[in-house]
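A short write-up of the structure that comes next.
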Number of protein chains: 4
Amino acid sequence: MLSTLSFFTGLRLLRREGKKSYGLFILTLALLAACAASTVRAQSIAIVGGTIIDGNGGEPIAGGVVLVEDRIIKAAGKRDAVRIPAKARVIQAQGKYVMPGMMDANISLGTAYSVESVLVYVNGHSTQMHDMALEGAQTALKSGLTTLFVILGPLPALKDLRDEINSGRSVGSRLFISSNIVGFTGVLGDDFNKEGKAVVAAPTLKRVNDIWEQGVGPELLYMTPEQVRVRMREFLARGVDFVKYGVNEHVSPFIAFSPDVQKAIVEETHRAGKIVKTHTMTVEGIKMALEAGADTLHHCEVTGPVPIPPETLQLMAARRIPCSVLALTDEYLQDTRGHVSNTPVVNSIMDVNVRNMVKAGVNLLLGTDTNISDPNMIQSEYAKKVMSSRYWPRKIGEAHFLWLKAMSQKGLAPMKGLQAATRNVAEAHHLLDRLGTLEAGKLADLVILDANPLEDVENYRRIHAVMKEGRMVER
Amino acid sequence: MLSTLSFFTGLRLLRREGKKSYGLFILTLALLAACAASTVRAQSIAIVGGTIIDGNGGEPIAGGVVLVEDRIIKAAGKRDAVRIPAKARVIQAQGKYVMPGMMDANISLGTAYSVESVLVYVNGHSTQMHDMALEGAQTALKSGLTTLFVILGPLPALKDLRDEINSGRSVGSRLFISSNIVGFTGVLGDDFNKEGKAVVAAPTLKRVNDIWEQGVGPELLYMTPEQVRVRMREFLARGVDFVKYGVNEHVSPFIAFSPDVQKAIVEETHRAGKIVKTHTMTVEGIKMALEAGADTLHHCEVTGPVPIPPETLQLMAARRIPCSVLALTDEYLQDTRGHVSNTPVVNSIMDVNVRNMVKAGVNLLLGTDTNISDPNMIQSEYAKKVMSSRYWPRKIGEAHFLWLKAMSQKGLAPMKGLQAATRNVAEAHHLLDRLGTLEAGKLADLVILDANPLEDVENYRRIHAVMKEGRMVER
Amino acid sequence: MLSTLSFFTGLRLLRREGKKSYGLFILTLALLAACAASTVRAQSIAIVGGTIIDGNGGEPIAGGVVLVEDRIIKAAGKRDAVRIPAKARVIQAQGKYVMPGMMDANISLGTAYSVESVLVYVNGHSTQMHDMALEGAQTALKSGLTTLFVILGPLPALKDLRDEINSGRSVGSRLFISSNIVGFTGVLGDDFNKEGKAVVAAPTLKRVNDIWEQGVGPELLYMTPEQVRVRMREFLARGVDFVKYGVNEHVSPFIAFSPDVQKAIVEETHRAGKIVKTHTMTVEGIKMALEAGADTLHHCEVTGPVPIPPETLQLMAARRIPCSVLALTDEYLQDTRGHVSNTPVVNSIMDVNVRNMVKAGVNLLLGTDTNISDPNMIQSEYAKKVMSSRYWPRKIGEAHFLWLKAMSQKGLAPMKGLQAATRNVAEAHHLLDRLGTLEAGKLADLVILDANPLEDVENYRRIHAVMKEGRMVER
Amino acid sequence: MLSTLSFFTGLRLLRREGKKSYGLFILTLALLAACAASTVRAQSIAIVGGTIIDGNGGEPIAGGVVLVEDRIIKAAGKRDAVRIPAKARVIQAQGKYVMPGMMDANISLGTAYSVESVLVYVNGHSTQMHDMALEGAQTALKSGLTTLFVILGPLPALKDLRDEINSGRSVGSRLFISSNIVGFTGVLGDDFNKEGKAVVAAPTLKRVNDIWEQGVGPELLYMTPEQVRVRMREFLARGVDFVKYGVNEHVSPFIAFSPDVQKAIVEETHRAGKIVKTHTMTVEGIKMALEAGADTLHHCEVTGPVPIPPETLQLMAARRIPCSVLALTDEYLQDTRGHVSNTPVVNSIMDVNVRNMVKAGVNLLLGTDTNISDPNMIQSEYAKKVMSSRYWPRKIGEAHFLWLKAMSQKGLAPMKGLQAATRNVAEAHHLLDRLGTLEAGKLADLVILDANPLEDVENYRRIHAVMKEGRMVER
């Protein structure tokens with residue numbers, strides 16, 4: 001049934017979104033559907049007796065039932081409202097808490113590699129990078145993240161990995177991918193690695209960067225809107241699920257694109273039925289992203305030494321623009337404020353911004369900005385420089401727990417925290433009819449916890465089981 | 001008489017410009033006037049018999065007379081239209097050509113110093129820098145440049161030098177100055193010198209950069225329009241004659257300021273009665289400068305590998321925005337196209353852009369982007385890196401001759417070339433009632449050439465005499 | 001017959017050398033013998049009618065015969081002194097010149113790689129490095145170099161290549177190998193590559209450098225003579241054919257080892273029956289090498305800005321220490337003296353030194369110091385820095401011709417030049433009973449030229465045929 | 001009387017040392033004498049009642065008297081053995097301890113400056129450097145160091161400062177100076193500062209380095225013994241009080257000079273009547289210094305990762321070669337062993353070496369290797385790199401107290417520790433007849449402590465008074 005359903009859902013989405021000028025992720029979901037069709041019919045599963053926190057923000061349902069058939073939730077609700085088929089496999093969840101699978105709106109699999117890793121990769125031995133990325137996706141899944149939005153990486157490898165996981169050939173978090181942050185350099189370019197140039201031959205540098213840049217690298221910074229449109233159309237045809245572009249440069253406050261070029265990027269992406277994420281570093285960058293019509297903001301609380309002013313916060317809240325933040329815990333802030341090598345001012349402004357965003361009711365998303373890293377890299381001089389403590393805590397499988405804790409510390413209500421990690425991300429990516437809550441008809445992504453996450457944010461770590469698309473994940 | 005006249009002119013300007021919201025250079029001219037008042041009354045001087053090319057673009061007047069009294073041109077025209085006072089000193093100019101003093105719209109006195117020079121300067125021994133800058137202004141004057149717009153340098157030293165020269169205490173080209181290009185770092189910051197950081201102590205770095213930045217340095221890149229307005233008002237109160245801001249970063253295609261911030265910079269400068277120059281590096285940068293209401297563009301033909309498209313050229317021409325260009329000669333282009341270390345693509349696009357600007361009738365200005373340099377610097381490793389051949393030909397006293405030659409090669413008509421170096425610059429800076437042509441009532445800045453510059457552009461080098469404010473310059 | 005002969009020769013050598021305390025290259029030659037035994041019996045070959053320049057310095061023999069059986073020269077002499085077997089294959093060499101195969105006393109296969117190549121190599125994909133090294137050995141052979149002394153490279157790869165070529169499995173110049181220059185760093189250490197450290201992880205750096213250093217790296221600089229002896233014994237047991245040690249640091253005038261340590265290195269190497277080469281950079285370094293009892297000097301004319309004084313030259317001549325020099329041609333010296341990036345003083349001292357060595361009758365060897373290079377490397381920033389014009393002309397297959405030309409320009413008599421490239425090298429390495437001249441009983445390594453190399457040094461390039469161990473080389 | 005005495009002493013020394021081929025510091029002492037002659041006759045001073053520890057190693061004399069007249073000790077001994085003149089000023093020292101003024105055998109005033117300081121200095125504004133160096137000499141004096149051997153600095157400034165202090169015009173520790181460590185680069189050369197090259201023009205670099213190098217810089221590394229002799233003779237004629245040469249390179253294990261060159265340096269220095277200090281970094285370096293006939297070793301416990309073997313220790317002890325060591329306290333060793341950026345192995349070997357030297361009875365000297373530093377420097381990136389914690393504790397005025405503590409921790413007997421900081425240093429520099437102990441006829445340099453330093457090494461810090469040449473130092 002799923003395959004047909006998905007197929008029709010796809011068509012329906014195409015139709016509906018066609019009007020709205022974008023129909024996100026259709027092909028990816030269709031692919032899922034096609035793969036599912038070729039597998040044997042799975043047993044019904046009933047998760048019985050747990051407290052269901054369905055992600056819609058209402059009162060949790062004690063002693064509820066989630067009924068899963070194939071990959072789909074058939075029902076989720078009170079015990080007496082759900083008919084459990086006789087043949088269903090019953091999972092007892094008394095005393096447990098059942099919530100939607102978590103979703104990370106901004107993660108990377110394959111950026112901050114060492115020159116060593118990169119060279120090995122581009123010399124044709126990509127198993128190392130593939131294996132590291134797959135391990136990242138598996139670690140994420142086991143820790144409750146059922147969906148990842150991968151904003152950066154080498155496109156050929158990411159596509160292979162996405163198709164491998166999303167078709168069920170490998171186990172891991174569901175992946176939606178992009179390749180380059182539009183306007184950025186590749187992994188051995190100035191945005192990521194200034195050292196490589198000194199030792200890597202020019203042809204290799206170009207070969208490496210081309211793989212990451214996919215035609216939307218830094219040469220776009222010189223172009224007119226029409227020229228950028230041509231590049232965007234080519235890029236969108238290469239199999240990315242969404243686009244992220246640099247409103248600002250990677251780490252500096254410089255602006256990458258004029259308003260006209262930003263509009264061109266957004267329009268072309270929407271025309272291709274995909275959403276547009278943005279990389280901002282300044283208050284003005286946020287405003288420009290909003291004006292350009294971008295769909296999401298990321299690490300939008302990073303605004304250098306200048307806090308986001310009230311009028312901008314109100315604008316963000318009014319527009320309901322989804323916004324992923326990095327969310328530094330109190331412990332982290334206290335620790336690093338004393339460090340010479342860190343940027344305490346920027347950290348404290350990040351803190352202030354997130355608190356103000358919570359108060360202003362900005363539409364917040366979990367987005368950890370984590371990355372997988374070559375183990376060798378940690379010991380290189382380069383890593384010692386770039387891997388400041390600001391990045392260290394953001395480890396896949398750990399960072400989202402810290403995020404939930406940090407947001408709690410900053411005043412986000414427990415239920416809103418849970419939604420930021422589930423429903424909000426699905427909605428932000430126009431995937432709410434398939435993902436993000438425990439409701440009939442949605443893909444059966446869920447996490448069973450041993451204790452109530454709404455009572456204590458540390459309870460997110462107490463994972464009893466993870467289900468992705470109706471299958472229990474071995475942990 | 002001059003002093004009174006100037007004073008009233010100043011008042012009149014203030015009144016008139018008050019309505020238009022800016023009254024440029026009033027204080028500077030008033031200062032000139034005040035100084036003039038304290039000097040002894042000078043003799044009348046009649047330059048008789050030369051061909052007058054008055055800068056207004058009309059037919060040259062053969063056998064004409066320019067009559068100068070004090071610092072002012074009393075008359076310029078046909079021999080029989082000018083009454084030469086009996087007591088006037090007569091300068092025979094038969095066979096000569098008399099043209100307005102040339103004006104450089106974009107020059108720097110004190111940027112690309114070596115760390116060595118800078119450290120000597122900031123340790124209180126600024127005579128070296130003062131002497132180098134004065135020498136630059138003298139070299140310029142002797143080669144026919146009677147007015148310079150100094151876009152960059154250490155404000156305290158530039159102010160002293162400006163006041164010293166403009167009051168007549170020292171001989172040199174008349175100076176109008178700014179300090180920092182708004183948004184740029186100081187001379188030891190990333191925009192100019194990445195090496196200094198490695199060896200200069202942080203307090204010294206800050207002390208040096210503060211002198212150049214004058215509160216409008218790179219921290220503005222993070223700010224909101226309102227925050228930038230506050231900084232601009234403070235900066236404008238510090239004695240600069242005009243403002244130049246970075247639309248783009250110094251050498252990269254990144255954009256420095258959002259449209260709103262650019263408008264804030266322009267409005268605050270206009271409110272202070274001064275004009276706004278811009279530093280652009282991309283086509284989009286040019287368009288943003290136009291939209292922000294900037295008064296002039298500089299090196300606007302530098303647009304990386306992307307030529308300025310026809311519609312932008314038309315916009316520039318229609319707006320009559322004054323535009324200084326660097327103008328590479330054919331010889332230079334041929335020479336460097338073969339160099340590995342150069343950027344032949346960018347050079348050839350510069351060439352294409354200037355040719356197209358000539359065809360489109362863009363309002364062109366002489367602006368050499370020359371700089372004075374510490375002689376030590378030329379031998380440093382740093383200099384070898386930054387002083388690529390792109391910069392080398394731009395030597396004070398030489399570069400404007402090359403500019404006129406290059407523009408001739410690119411198809412600019414002889415008379416338009418002469419105007420680009422005289423009248424256009426005066427008009428662009430709202431100084432046409434005082435400078436830029438040989439007309440009664442203007443300051444007596446003129447160059448007497450041995451041969452006709454309209455016949456052969458090399459004749460600009462054949463300087464017979466230079467007069468600045470009614471005084472012959474010793475050469 | 002060869003195999004038996006070789007075997008007994010080996011035994012005899014072992015016995016004889018045992019007394020003299022070293023019996024060089026026995027195992028290598030025995031290996032050759034063993035391999036030969038397993039091949040089919042080869043035909044006799046008679047090279048008839050050419051002028052034989054046998055390498056012993058006597059008058060060339062016009063219309064001579066060289067008779068080869070299996071891998072061995074059976075006879076070489078006047079036509080009537082040699083009985084040509086009926087079944088022999090006759091090669092007509094009328095008008096040709098037959099000389100011994102040339103030998104390069106100082107070459108490297110695997111040093112100046114790019115970080116990129118090195119990383120690919122150490123990640124287990126060593127075919128690239130193997131292929132480049134093999135290509136180098138083939139190029140050398142085709143251009144008349146039948147034997148190479150490889151002073152530097154990754155030992156495991158060099159051993160494989162040596163065994164592969166010397167056993168006849170691959171075609172290439174006969175190889176005698178070492179690994180590290182004792183006291184130097186590995187290929188990613190300071191002696192060869194300062195950039196690698198910035199980008200390569202510490203464990204990889206160590207892994208790479210260990211492969212090159214083989215336990216005799218820079219840590220020896222701290223050690224006492226006894227400690228160094230232990231390391232040397234371990235190193236000598238790893239399959240190197242000879243030892244080269246740094247008297248001086250790689251490129252600076254610093255001295256690497258005290259006299260006592262140098263003596264320890266020499267004694268241990270002699271005890272193992274191998275010869276000791278030296279790397280010197282100063283006059284004092286040469287003297288210390290002599291005092292330590294080293295067997296050969298290399299690039300001994302590189303003495304910075306201080307020429308070798310007469311007394312040292314006399315010492316070198318009296319000791320008959322074999323000495324390979326780099327030999328810059330007049331053309332090269334004239335060209336580079338004008339280069340800013342070069343060191344004209346050092347070059348001109350090199351020139352003076354070689355001329356003085358010729359006059360003093362120093363025992364000179366061909367030693368090109370060539371290296372194979374990853375083609376990518378030439379385009380890296382690193383290569384641009386290290387590959388100054390001083391190194392560029394030294395390309396495998398070309399450098400020995402330039403060397404012979406340069407030595408001729410410096411006054412070396414034609415016959416002495418030929419011996420420097422043949423007999424002297426064999427003698428210097430204690431291989432004169434097997435290699436270096438055209439005499440009965442020696443391995444049949446020879447070059448047939450179309451013109452007389454003693455008349456014009458350019459005639460070395462006119463190679464008609466190359467024979468190595470009795471087999472004609474396909475060119 | 002002093003002046004005459006000194007003068008004759010000088011002559012006598014000259015005569016005696018003439019035979020022995022060196023007569024150290026005669027001119028300096030004669031200068032002292034000459035200056036003293038021109039001052040008014042000073043009162044006798046009697047320090048009465050303290051415990052005298054005279055530096056000769058015998059039992060301290062309780063309730064003793066030290067009688068000083070002019071600058072000279074007239075008597076030191078038991079109360080009843082000394083006749084106190086009636087007119088003598090009596091200083092009560094009951095309960096106090098009187099010891100000789102301390103002497104630092106290896107200190108620097110003017111090496112590790114920032115590029116900033118150096119540039120200011122060489123642009124003619126040397127007051128900053130002079131003032132810093134003078135402040136260092138004053139701090140040293142107030143903390144009980146009455147004599148310093150300054151091994152490194154800009155010679156013109158050091159000579160001025162030495163003459164100024166030693167003639168009594170300024171107050172500070174008595175200075176004996178050298179300039180360059182023979183073979184090292186100047187302060188902006190590779191031995192001290194690799195960053196300067198990137199930013200300082202070549203002519204300035206040369207000008208700076210020449211001031212420090214004084215003709216005995218790194219070009220000597222290429223020279224023959226005879227060439228080095230010429231340079232040494234010129235250097236010795238420039239007013240240095242002693243010579244220090246690099247046996248090893250500054251921080252690496254490389255050897256700077258061949259045995260023959262080292263002997264040349266030693267012989268020429270002895271011929272000029274001066275002593276030779278050495279800079280070593282390896283065990284072999286120590287042995288070479290001994291063989292060359294050097295007079296002192298410095299930081300001779302720094303031998304990289306290789307401990308000094310017993311036979312070398314015995315050699316050092318047998319030769320009674322004076323040896324200054326850096327002496328890390330237990331606290332320091334424990335602290336830094338945990339640091340990543342440090343070299344725990346080298347530190348622990350330093351510790352082992354010093355302990356073994358104590359056991360072997362090596363002739364130890366206080367030598368702190370302290371330096372004065374431009375306060376700006378501490379904040380530069382350069383400083384952060386070079387000023388590892390290995391250097392930090394070595395602050396003038398503090399380091400000798402830590403040294404005495406460390407040596408106590410390493411097992412040096414209390415009396416031997418005191419002698420290492422007094423008598424041994426005087427003897428090592430052939431100054432024992434003038435300095436180093438409390439004995440009649442010697443210059444009256446002494447320290448009065450509030451508590452017994454032989455009981456608790458911390459009591460060296462409890463300084464009650466310092467007398468230098470008969471004058472009480474204001475503290």
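Residue numbering restarts at 1 for every chain of the structure tokens, chains are lettered A, B, ... in their displayed order, and ligands are numbered from 1 as they appear.
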Excluding Gly77 in chain C and residues on its chain fewer than 3 positions from it, collect all residues at most 7 Å away from it, counting only C-alpha atoms, and give them as an MDAnalysis selection string.
chainID C and resid 61 64:66 81:82
If you run DSSP on the backbone here, which positions in range 46-267 of chain B get alpha helix (DSSP H)? Please write them as a ChimeraX atom specification.
/B:115-122,127-142,155-166,196-199,202-213,225-236,259-267
What residues in chain B lie within 12 Å of chain A, counting only C-alpha atoms, written as a ChimeraX atom specification?
/B:183-184,190,218-228,246-262,280-289,291,302-312,346
So that I can check the secondary structure, give me every residue of range 159-407 of chain C assigned strand (DSSP E) by backbone DSSP, as a ChimeraX atom specification.
/C:174-177,181-182,243-246,276-279,296-298,323-325,364-366
What is the distance between CA of Ala360 in chain A and CA of Ala426 in chain A, in Å to one decimal?
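We find that CA of Ala360 in chain A and CA of Ala426 in chain A lie 21.4 Å from each other.
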Suppose you want the space between CA of Val466 in chain C and CA of Phe176 in chain C; what is it in Å?
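That distance, rounded to one decimal, is 19.3 Å.
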Contacts of His464 in chain A at 9 Å (only C-alpha atoms; same-chain gap of 2+ positions) as a VMD selection string
chain A and resid 96 447 to 450 462 466
Residues at most 12 Å from Ala157 in chain A, counting only C-alpha atoms, excluding those fewer than 3 positions away in the same chain, as a ChimeraX atom specification?
/A:109-110,121-122,124-134,152-154,160-164,177-179,211-212,239-240
Within 8 Å of Thr139 in chain D, counting only C-alpha atoms, which residues show up once you throw out same-chain ones fewer than 6 positions away? Write them as a list of chain:residue names, please.
D:Gly172, D:Ile396, D:Gly397
Can you tell me which residues surround Pro60 in chain D at a distance of at most 10 Å, considering only C-alpha atoms, apart from same-chain residues fewer than 2 positions away, and format the answer as a ChimeraX atom specification?
/D:50-58,62-64,77-78,97-99,415,454
With N, CA, C and O atoms retained, write the just-selected residues as a tab-separated table (two decimals), in the first residue's frame.
chain	number	residue	atom	x	y	z
D	50	GLY	N	76.94	40.13	62.33
D	50	GLY	CA	76.26	39.12	61.52
D	50	GLY	C	77.08	37.86	61.39
D	50	GLY	O	78.26	37.82	61.74
D	51	THR	N	76.40	36.82	60.86
D	51	THR	CA	77.12	35.59	60.55
D	51	THR	C	77.69	35.72	59.15
D	51	THR	O	76.94	35.94	58.19
D	52	ILE	N	78.99	35.59	59.06
D	52	ILE	CA	79.64	35.78	57.76
D	52	ILE	C	79.80	34.44	57.05
D	52	ILE	O	80.39	33.51	57.58
D	53	ILE	N	79.21	34.36	55.85
D	53	ILE	CA	79.43	33.19	54.98
D	53	ILE	C	80.28	33.71	53.84
D	53	ILE	O	79.80	34.35	52.91
D	54	ASP	N	81.59	33.50	53.94
D	54	ASP	CA	82.50	34.25	53.07
D	54	ASP	C	82.62	33.71	51.66
D	54	ASP	O	83.27	34.32	50.82
D	55	GLY	N	82.02	32.55	51.37
D	55	GLY	CA	82.04	32.04	50.00
D	55	GLY	C	83.15	31.04	49.75
D	55	GLY	O	83.20	30.40	48.69
D	56	ASN	N	84.05	30.89	50.74
D	56	ASN	CA	85.14	29.93	50.55
D	56	ASN	C	84.77	28.52	50.99
D	56	ASN	O	85.58	27.61	50.90
D	57	GLY	N	83.57	28.38	51.55
D	57	GLY	CA	83.10	27.04	51.86
D	57	GLY	C	83.36	26.60	53.29
D	57	GLY	O	82.93	25.53	53.71
D	58	GLY	N	84.06	27.42	54.07
D	58	GLY	CA	84.33	27.06	55.44
D	58	GLY	C	83.14	27.33	56.35
D	58	GLY	O	82.10	27.83	55.91
D	62	ALA	N	80.09	33.26	63.13
D	62	ALA	CA	79.01	33.94	63.85
D	62	ALA	C	79.57	35.22	64.48
D	62	ALA	O	80.72	35.27	64.91
D	63	GLY	N	78.73	36.24	64.53
D	63	GLY	CA	79.13	37.50	65.16
D	63	GLY	C	80.38	38.11	64.56
D	63	GLY	O	81.20	38.70	65.25
D	64	GLY	N	80.52	38.01	63.27
D	64	GLY	CA	81.72	38.50	62.61
D	64	GLY	C	81.62	39.97	62.22
D	64	GLY	O	80.62	40.65	62.46
D	77	GLY	N	86.04	38.79	59.14
D	77	GLY	CA	86.42	37.71	60.03
D	77	GLY	C	85.75	37.82	61.38
D	77	GLY	O	84.73	38.50	61.54
D	78	LYS	N	86.34	37.15	62.33
D	78	LYS	CA	85.77	37.15	63.67
D	78	LYS	C	85.84	38.56	64.26
D	78	LYS	O	86.73	39.35	63.91
D	97	TYR	N	72.79	37.57	58.10
D	97	TYR	CA	73.78	36.72	57.44
D	97	TYR	C	74.40	37.53	56.30
D	97	TYR	O	73.68	38.13	55.50
D	98	VAL	N	75.72	37.55	56.27
D	98	VAL	CA	76.42	38.35	55.26
D	98	VAL	C	77.12	37.41	54.28
D	98	VAL	O	77.92	36.56	54.70
D	99	MET	N	76.81	37.59	53.03
D	99	MET	CA	77.38	36.71	51.99
D	99	MET	C	77.88	37.56	50.82
D	99	MET	O	77.52	38.72	50.69
D	415	MET	N	75.98	24.80	51.03
D	415	MET	CA	77.18	25.62	50.85
D	415	MET	C	77.64	25.61	49.40
D	415	MET	O	78.09	26.62	48.87
D	454	LEU	N	71.67	28.90	54.27
D	454	LEU	CA	72.15	27.51	54.30
D	454	LEU	C	71.15	26.61	54.99
D	454	LEU	O	71.18	25.39	54.85
Give me, please, the distance in Å between CA of Ser324 in chain B and CA of Val473 in chain B, quoted to one decimal.
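If I compute the distance from CA of Ser324 in chain B to CA of Val473 in chain B, I get 26.6 Å.
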Which residues are close to Lys442 in chain B, i.e. within 9 Å by only C-alpha atoms, leaving aside same-chain residues fewer than 2 positions away? Reply as a ChimeraX atom specification.
/B:71-74,432-440,444-445
